[in-house]
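Asker: Here you go, one structure.
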Amino acid sequence: MDKADRVRAEEHPDTLSRRAFVGTALGTGAAVAAGAFASRRRAGAQQPVRGGELRFGLRTEPDNLDPAVTPWAVSHRVMMHVYDTLVWQDPADNTFKPGLAESWQVAPDGLSYTFKLRRGVKFHDGTPFNAAGVKFSFDRIADPETKSGFAAALLGPYAGADVVDEQTVRVRFKVASAGFLDGASQAFLGIVSPAAVKQQGKDFGLKPVGTGPFVFKEWVRQDHITLERNPDYQWASPVFKHQGPAYLDRVVFKIIPEDATRLATLENAETNFIEMVPEQDLARLRADTRFRLVVGSIPGLPIGVFLNAQKEPTDSLEVRQAILQGLSRADIIKTVYFGAYQPAHGPLSSNTLAYNKKVESLNPFDRARARELLERAGWKAGAGGIRQKDGKPLKLEFVSSEFFKGLVTVVQAQLRELGMQVEPKLLANPTRLATASKGEMNLANLGWVASNPAVLGHFFHSKNIGAYNWPRVKDARVDEMLDRAEASVDVERRKQLYGEVQEFAMQQALFFPIYEQLNFCAARAEVHDIRPDARGSYLWLYDTFVTK
């Protein structure tokens with residue numbers, strides 16, 4: 001989703017067994033064992049070489065490259081190479097490793113984090129990186145005038161930052177922030193050049209300046225974004241395999257929205273890496289030695305459909321329950337996605353911290369039960385097979401985009417069997433998001449990359465009505481649980497509270513989970529060492545190299 005189109009969000013020093021997978025994807029949706037790929041690399045390891053370029057086929061174009069402003073996942077895919085973060089999260093074990101911060105201390109009450117910063121780091125504009133730059137970046141995110149799309153959510157209950165000295169910064173919170181390190185490991189909290197921001201103003205997102213291994217070169221709208229190697233880069237995190245400048249001369253992100261065209265560019269070598277491989281082509285690419293599949297397992301909100309609990313007729317619990325129990329996720333995955341994914345069961349994917357297995361028994365597929373619920377709610381069979389109540393037909397507005405047309409079509413057909421008339425509204429992504437945020441729909445699909453279960457607050461806390469609380473739920477108890485969980489430094493307590501929120505969401509039938517996201521990408525055989533990060537949706541290119 002982007003902005004939501006395959007998403008973002010994340011943070012937590014307390015992890016479950018989340019995994020990122022690299023290697024040959026199975027056409028059936030199970031992710032590849034990391035060990036199998038590792039052993040294959042050991043058997044035929046390539047020595048890194050310098051030079052060359054990665055031509056990366058993107059499905060969507062970023063809105064901007066200002067980490068304080070954009071909420072889009074596709075923006076993160078580019079920004080993560082321009083900006084460095086205070087810490088990096090190792091996908092092997094989900095521990096945090098030094099980044100721009102050499103070390104850090106967390107106050108026992110979780111109200112502050114003190115970072116000792118690296119010396120000798122410079123922004124791409126030549127200005128020095130220091131504690132004042134960290135404070136500037138975080139203050140800017142927290143400033144309401146910035147209109148942060150997602151970074152402010154990762155920054156959490158930020159109270160301010162203190163410049164202790166040139167290389168020491170203390171980040172303070174209004175309440176304990178157990179997930180801050182996870183947020184601080186994402187490009188959305190990447191450190192920007194204060195001088196460049198002040199010079200460029202609102203245009204900063206079009207000409208980004210960070211400290212990362214690649215320097216922004218140019219952006220030709222609807223065509224490409226080019227990054228070039230930072231020759232002065234000497235401060236890579238130990239999460240990576242080498243030190244010094246990146247191997248690649250440049251990375252060219254080519255914007256290619258049409259799936260078949262993007263795949264064709266890989267096959268004819270116009271690109272040498274593409275994201276979002278069409279599910280129907282996975283088996284063919286897997287069997288072709290010219291290509292290698294790179295697969296990331298994505299935590300967070302699965303691909304699914306939110307139900308608006310304030311708009312008729314989905315303001316009825318029975319109607320919402322009937323929708324959840326009347327839809328077959330297995331048929332959707334098989335029909336639309338060629339069986340490439342595992343079914344989801346709740347508002348968090350099973351590889352996300354605090355996943356609650358109890359949701360797996362809630363709202364089971366049962367069309368007979370769905371019809372009973374509709375009858376109980378007063379919706380009786382009407383003309384043309386569409387149910388009616390008080391003279392009104394049972395109509396549902398489904399807001400989506402062309403990208404999800406297949407999903408919408410199958411949902412429409414399945415609900416038609418229950419006597420529901422689904423009216424699709426396929427909109428351009430910005431319009432789709434704005435329409436859903438205003439509550440001008442009954443159904444709207446979304447997915448979100450999020451390693452921190454705190455992302456549940458994004459969708460179910462009443463303060464986010466008008467933003468991503470698309471169910472428009474306002475429940476004081478849920479708000480309290482979300483607030484307490486975000487402030488708690490007790491891992492088990494956080495899991496318990498977030499688990500209860502998941503149960504609430506499914507008991508109230510606010511979300512129909514469909515499948516757990518996998519990021520299917522493909523590289524030509526000459527491209528080596530592209531790794532998904534801990535969120536699966538984002539790819540590290542610093543160690544990447546290309547052989548002839």
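The chains in the structure tokens are called A, B, ... from first to last as shown; in each chain the residues are counted from 1, and the ligands are counted from 1 in the order shown.
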What are the closest atom pairs, with distances in Å to one decimal, for all residues of range 386-490 of chain A lying within 7 Å of range 308-327 of chain A? Consider only C-alpha atoms, order rows by chain and residue number, and present the result as JSON lines.
Answerer:
```
{"residue": "A:Gln414", "atom": "CA", "partner": "A:Leu327", "partner_atom": "CA", "distance": 6.2}
{"residue": "A:Leu415", "atom": "CA", "partner": "A:Gly326", "partner_atom": "CA", "distance": 6.9}
{"residue": "A:Gly439", "atom": "CA", "partner": "A:Asn308", "partner_atom": "CA", "distance": 6.8}
{"residue": "A:Met441", "atom": "CA", "partner": "A:Asn308", "partner_atom": "CA", "distance": 6.9}
{"residue": "A:Asn442", "atom": "CA", "partner": "A:Asn308", "partner_atom": "CA", "distance": 5.0}
{"residue": "A:Leu443", "atom": "CA", "partner": "A:Asn308", "partner_atom": "CA", "distance": 6.4}
{"residue": "A:Trp470", "atom": "CA", "partner": "A:Asn308", "partner_atom": "CA", "distance": 6.2}
{"residue": "A:Pro471", "atom": "CA", "partner": "A:Asn308", "partner_atom": "CA", "distance": 4.2}
{"residue": "A:Arg472", "atom": "CA", "partner": "A:Asn308", "partner_atom": "CA", "distance": 6.2}
{"residue": "A:Val473", "atom": "CA", "partner": "A:Ala309", "partner_atom": "CA", "distance": 6.6}
```
Asker: With only C-alpha atoms as the atoms that count, which of A:Asp109, A:Asp66, A:Asp249, A:Asp288 lies nearest to Leu206 in chain A?
Answerer: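 Closest candidate: A:Asp66.
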Asker: Calculated over only C-alpha atoms, which of the candidates A:Tyr341, A:Phe240, A:Phe214, A:Phe180 has the smallest distance to Lys97 in chain A?
Answerer: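 Closest residue, counting only C-alpha atoms: A:Phe240.
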Asker: Could you check the closest approach to Lys438 in chain A for each of A:Leu293, A:Ile465, A:Met420, A:Ala283 and tell me which residue wins, using only C-alpha atoms?
Answerer: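 With only C-alpha atoms as the atom set, the closest residue is A:Ile465.
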Asker: Show me a table, sorted first by chain and then by increasing residue number, of the residues of range 329-408 of chain A having an atom at most 7 Å from range 451-456 of chain A, each with its shortest atom pair and the distance in Å to one decimal, counting only C-alpha atoms and written as JSON lines.
Answerer:
```
{"residue": "A:Thr352", "atom": "CA", "partner": "A:Ser451", "partner_atom": "CA", "distance": 5.8}
{"residue": "A:Leu353", "atom": "CA", "partner": "A:Pro453", "partner_atom": "CA", "distance": 6.1}
{"residue": "A:Ala354", "atom": "CA", "partner": "A:Pro453", "partner_atom": "CA", "distance": 6.5}
```
Asker: What would the file look like if the residues just selected were written as a tab-separated table (two decimals), in the first residue's frame with N, CA and C atoms?
Answerer:
```tsv
chain	number	residue	atom	x	y	z
A	352	THR	N	4.13	-10.06	14.31
A	352	THR	CA	4.24	-8.78	14.99
A	352	THR	C	4.20	-9.00	16.50
A	353	LEU	N	5.00	-8.22	17.21
A	353	LEU	CA	4.99	-8.28	18.66
A	353	LEU	C	3.57	-8.16	19.19
A	354	ALA	N	3.23	-8.97	20.20
A	354	ALA	CA	1.95	-8.92	20.91
A	354	ALA	C	0.80	-9.50	20.10
```
Asker: As a PyMOL selection string, list the residues of range 67-192 of chain A assigned to helix (DSSP H, G or I) by DSSP on the backbone atoms of this structure.
Answerer: chain A and resi 73-79+131-142+144-146+151-155+180-184+187-189
Asker: So, counting only C-alpha atoms, which residue among A:Lys357, A:Arg329, A:Arg371, A:Lys405 is closest to Gln502 in chain A?
Answerer: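 Between A:Lys357, A:Arg329, A:Arg371, A:Lys405, the residue approaching Gln502 in chain A most closely is A:Lys357.
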Asker: Find the residues near range 45-56 of chain A: any atom within 10 Å, counting only C-alpha atoms, skip ones fewer than 3 places away on the same chain, and give them as number ranges by chain.
Answerer: A: 38-42, 59, 224-229, 242, 245-256, 262, 265-266, 269-275, 522-523, 526-529, 541, 543-548
Asker: Using only C-alpha atoms, find the one residue out of A:Ser177, A:Thr261, A:Ser350, A:Asn429 that sits nearest to Ala487 in chain A.
Answerer: A:Ser177
Asker: So, with only C-alpha atoms as the atoms that count, which of A:His458, A:Arg387, A:Lys334, A:Lys474 lies closest to Leu407 in chain A?
Answerer: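 So, comparing all the options, the nearest one is A:Lys334.
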